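Trainee: My questions will all concern the structure given below.
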Amino acid sequence: MSHVLTPDGLKPDKRKLDAILSMPRPENEAALQRHLRMTTYLACYCPIYSDVAAPLRQMLAQDCEFCWDERHTTALEKIKQLLTTASVLGYYSPHDEVMLQCDSSSYALSAVQLQKDKVIKYALRTMTEAEKNYAQTEKELLSIVFGFERYHMYLYARPDKVTVQTDHKPRLAITKKALGATPKRLQRILLRLQRYNFELCWVPGCDLILADAQSRAVATNTATQSSGDADDITAMSTDEEQMSDMRMVALHNTINAMRATAADDHIYQRLKKQITAGINDVTSDLKPYYTFADELAVSGDFVF
């Protein structure tokens, strides 16, 4: 189970919390704020938290220049140690309700398991190169898949619904759509979720503190988990299936002509970029696509 049982309570195996221990040093004020939001959320479980975090909070003062020195490095390392003590991580109970906080950044997936507002486990991994090209809706759903599959032994076949907190509203709609109405890649992701009993709950991003901070603070050298290779293969096979379907209804020359036309269409290219990043540009050119943005996906050179 990767835990150490002691007379004083449950203590985690240090390897289990590499995601927290490997968080890189904040390079700017915004990164520091993410660190502090996450750690403050757990302050009630961390002894002497306020004293340890004081040097970091001082850097956020209005008239204070962001200048990192040894004091701040020491404070950050102490906070990491506080986060990984037994007083932070609780015991899993099969009788208590389970809540997952899942989030994705442009390069990482994060999932935090909680019971009674207390952290049970952290999980974090970087995306594969194929996954980094997913649409934002796909990345957000992939973070939920990552959370359930990582905590499978705790969450599979639970009689009650697992509450999944998300700050991405399109997730709520896409999980209610018929599989046939979604792109092939989303279909595969949704199929992986069908064996779990869960309910999505939207919360503002400012309240999704733990998962959000983790997904954005992943160290650049964090190794991708072994499941990444399988996900890369899935992504490639899905793209090939999409192109195979297209070749059934269009000749090779027609597809090449469509590819050339798409490459020259600046609106089409901007739409592709917006789908990957998450559509937030509602200018007149892209506004017609906004209402069904959650159904769009980029596969190869085309939008489906």
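Residue numbering restarts at 1 in every chain; chains get A, B, ... in the order shown in the structure tokens, and ligands count up from 1 in that same order.
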Report as a list in words all protein, DNA and RNA residues lying within 7 Å of stretch 180-187 of chain A, evaluated on only C-alpha atoms, omitting residues in the same chain fewer than 5 positions from it.

Mentor: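 The residues that qualify are Glu138, Thr238, Glu295, Leu296, Ala297 and Phe304 of chain A.
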
Trainee: Would you output that residue set with C-alpha atoms, as a compact mmCIF listing (two decimals), in the first residue's frame?

Mentor:
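Below is the file again_34.txt, written as the result:
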```
# COMPACT_ATOMS: atom_id res chain seq x y z
CA GLU A 138 -10.04 16.37 -23.66
CA THR A 238 -7.68 7.25 -32.74
CA GLU A 295 -17.74 18.66 -29.44
CA LEU A 296 -14.73 19.71 -31.52
CA ALA A 297 -11.36 17.98 -31.58
CA PHE A 304 -13.65 17.07 -36.38
```

Trainee: Please determine, counting only C-alpha atoms, which residue among A:Arg158, A:Arg247, A:Arg192, A:Lys177 has the shortest atom-to-atom distance to A:Phe146.

Mentor: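 Closest to A:Phe146 of all the choices is A:Arg192.
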
Trainee: Quick check, in Å to one decimal: how far apart do atom CA of A:Leu193 and atom CA of A:Glu149 lie?

Mentor: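 The value is 8.9 Å.
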
Trainee: Pick the closest to A:Tyr49 from A:Leu32, A:Cys64, A:Leu83, A:Leu271: which is it, counting only C-alpha atoms?

Mentor: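 Selected residue with least distance to A:Tyr49: A:Leu83.
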
Trainee: Apply DSSP to the structure's backbone, then extract all residues of stretch 20-223 of chain A labelled strand (DSSP E) and return them as number ranges by chain.

Mentor: A: 99-104, 108-115, 118-126, 162-166, 198-202

Trainee: With C-alpha atoms retained, write the just-selected residues as a PDB file, in the first residue's frame.

Mentor:
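Written output follows (result00.pdb):
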```pdb
ATOM      1  CA  MET A  99     -14.197  13.581  -3.226  1.00  0.00           C
ATOM      2  CA  LEU A 100     -11.744  13.981  -6.086  1.00  0.00           C
ATOM      3  CA  GLN A 101     -10.232  17.251  -7.208  1.00  0.00           C
ATOM      4  CA  CYS A 102      -9.017  16.823 -10.789  1.00  0.00           C
ATOM      5  CA  ASP A 103      -7.341  19.395 -12.984  1.00  0.00           C
ATOM      6  CA  SER A 104      -5.027  19.731 -15.966  1.00  0.00           C
ATOM      7  CA  ALA A 108       0.366  17.944 -16.486  1.00  0.00           C
ATOM      8  CA  LEU A 109      -2.530  16.023 -14.906  1.00  0.00           C
ATOM      9  CA  SER A 110      -3.354  16.193 -11.224  1.00  0.00           C
ATOM     10  CA  ALA A 111      -5.808  14.347  -8.965  1.00  0.00           C
ATOM     11  CA  VAL A 112      -6.237  14.701  -5.207  1.00  0.00           C
ATOM     12  CA  GLN A 113      -8.372  12.304  -3.168  1.00  0.00           C
ATOM     13  CA  LEU A 114     -10.100  13.713  -0.082  1.00  0.00           C
ATOM     14  CA  GLN A 115     -12.429  12.512   2.660  1.00  0.00           C
ATOM     15  CA  LYS A 118      -8.693  15.878   4.518  1.00  0.00           C
ATOM     16  CA  VAL A 119      -6.195  14.751   1.884  1.00  0.00           C
ATOM     17  CA  ILE A 120      -5.901  10.976   1.495  1.00  0.00           C
ATOM     18  CA  LYS A 121      -3.555  10.886  -1.505  1.00  0.00           C
ATOM     19  CA  TYR A 122      -1.876  13.075  -4.094  1.00  0.00           C
ATOM     20  CA  ALA A 123      -1.315  11.991  -7.708  1.00  0.00           C
ATOM     21  CA  LEU A 124       0.442  13.831 -10.500  1.00  0.00           C
ATOM     22  CA  ARG A 125       1.975  13.075 -13.885  1.00  0.00           C
ATOM     23  CA  THR A 126       3.161  14.997 -16.908  1.00  0.00           C
ATOM     24  CA  VAL A 162     -17.790   9.793  -5.938  1.00  0.00           C
ATOM     25  CA  THR A 163     -17.975  13.590  -6.107  1.00  0.00           C
ATOM     26  CA  VAL A 164     -15.555  14.976  -8.686  1.00  0.00           C
ATOM     27  CA  GLN A 165     -14.825  18.685  -8.402  1.00  0.00           C
ATOM     28  CA  THR A 166     -13.928  20.492 -11.602  1.00  0.00           C
ATOM     29  CA  PHE A 198     -19.397   9.472 -10.006  1.00  0.00           C
ATOM     30  CA  GLU A 199     -21.013  12.865 -10.144  1.00  0.00           C
ATOM     31  CA  LEU A 200     -19.346  15.979 -11.543  1.00  0.00           C
ATOM     32  CA  CYS A 201     -19.590  19.144  -9.494  1.00  0.00           C
ATOM     33  CA  TRP A 202     -18.439  22.505 -10.818  1.00  0.00           C
TER      34      TRP A 202
END
```

Trainee: What's the separation between atom CA of A:Ile267 and atom CA of A:Ala293, in Å to one decimal place?

Mentor: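 Answer for the atom CA of A:Ile267 to atom CA of A:Ala293 separation: 14.7 Å.
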
Trainee: Between atom CA of A:Arg34 and atom CA of A:Leu56, measure the distance and give it in Å to one decimal.

Mentor: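 Taking atom CA of A:Arg34 and atom CA of A:Leu56, their separation equals 11.7 Å.
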
Trainee: Which residues in stretch 65-205 of chain A does DSSP call helix (DSSP H, G or I)? List them as a compact mmCIF listing (two decimals) with C-alpha atoms, in the first residue's frame.

Mentor:
```txt
# COMPACT_ATOMS: atom_id res chain seq x y z
CA GLU A 70 18.04 31.47 0.73
CA ARG A 71 15.36 32.33 3.32
CA HIS A 72 12.62 31.61 0.84
CA THR A 73 14.20 28.35 -0.32
CA THR A 74 14.38 27.21 3.30
CA ALA A 75 10.75 28.18 3.92
CA LEU A 76 9.55 26.35 0.80
CA GLU A 77 11.43 23.18 1.75
CA LYS A 78 9.98 23.28 5.26
CA ILE A 79 6.46 23.68 3.88
CA LYS A 80 6.99 20.65 1.62
CA GLN A 81 8.00 18.62 4.63
CA LEU A 82 4.94 19.81 6.55
CA LEU A 83 2.69 18.75 3.65
CA GLU A 129 3.70 14.58 -26.30
CA ALA A 130 0.50 13.29 -27.91
CA GLU A 131 -1.64 14.36 -24.94
CA LYS A 132 -0.20 17.88 -25.01
CA GLN A 136 -8.53 21.49 -23.51
CA THR A 137 -11.82 19.65 -22.95
CA GLU A 138 -10.04 16.37 -23.66
CA LYS A 139 -7.23 17.24 -21.25
CA GLU A 140 -9.71 18.07 -18.51
CA LEU A 141 -11.56 14.78 -18.96
CA LEU A 142 -8.25 12.93 -19.13
CA SER A 143 -7.39 14.27 -15.66
CA ILE A 144 -10.57 12.62 -14.32
CA VAL A 145 -9.63 9.34 -16.00
CA PHE A 146 -6.16 9.63 -14.47
CA GLY A 147 -7.65 10.19 -11.01
CA PHE A 148 -10.03 7.24 -11.16
CA GLU A 149 -7.50 4.84 -12.65
CA ARG A 150 -4.82 5.89 -10.17
CA HIS A 152 -8.98 2.39 -8.81
CA MET A 153 -8.64 0.16 -5.73
CA TYR A 154 -10.47 2.78 -3.65
CA LEU A 155 -13.13 3.92 -6.12
CA PRO A 170 -17.90 22.03 -20.47
CA ARG A 171 -17.05 18.78 -18.66
CA LEU A 172 -20.54 18.75 -17.15
CA ALA A 173 -22.20 18.85 -20.56
CA ILE A 174 -19.86 16.48 -22.42
CA LEU A 179 -21.18 8.71 -27.20
CA GLY A 180 -22.04 8.94 -30.87
CA ALA A 181 -22.26 12.73 -30.64
CA LYS A 184 -13.57 9.54 -31.36
CA ARG A 185 -10.89 10.54 -28.89
CA LEU A 186 -13.48 11.79 -26.42
CA GLN A 187 -15.43 8.57 -26.93
CA ARG A 188 -12.43 6.55 -25.79
CA ILE A 189 -11.95 8.75 -22.73
CA LEU A 190 -15.64 8.57 -21.79
CA LEU A 191 -15.68 4.79 -22.22
CA ARG A 192 -12.84 4.50 -19.69
CA LEU A 193 -14.99 6.39 -17.19
CA GLY A 205 -11.07 27.73 -10.14
```
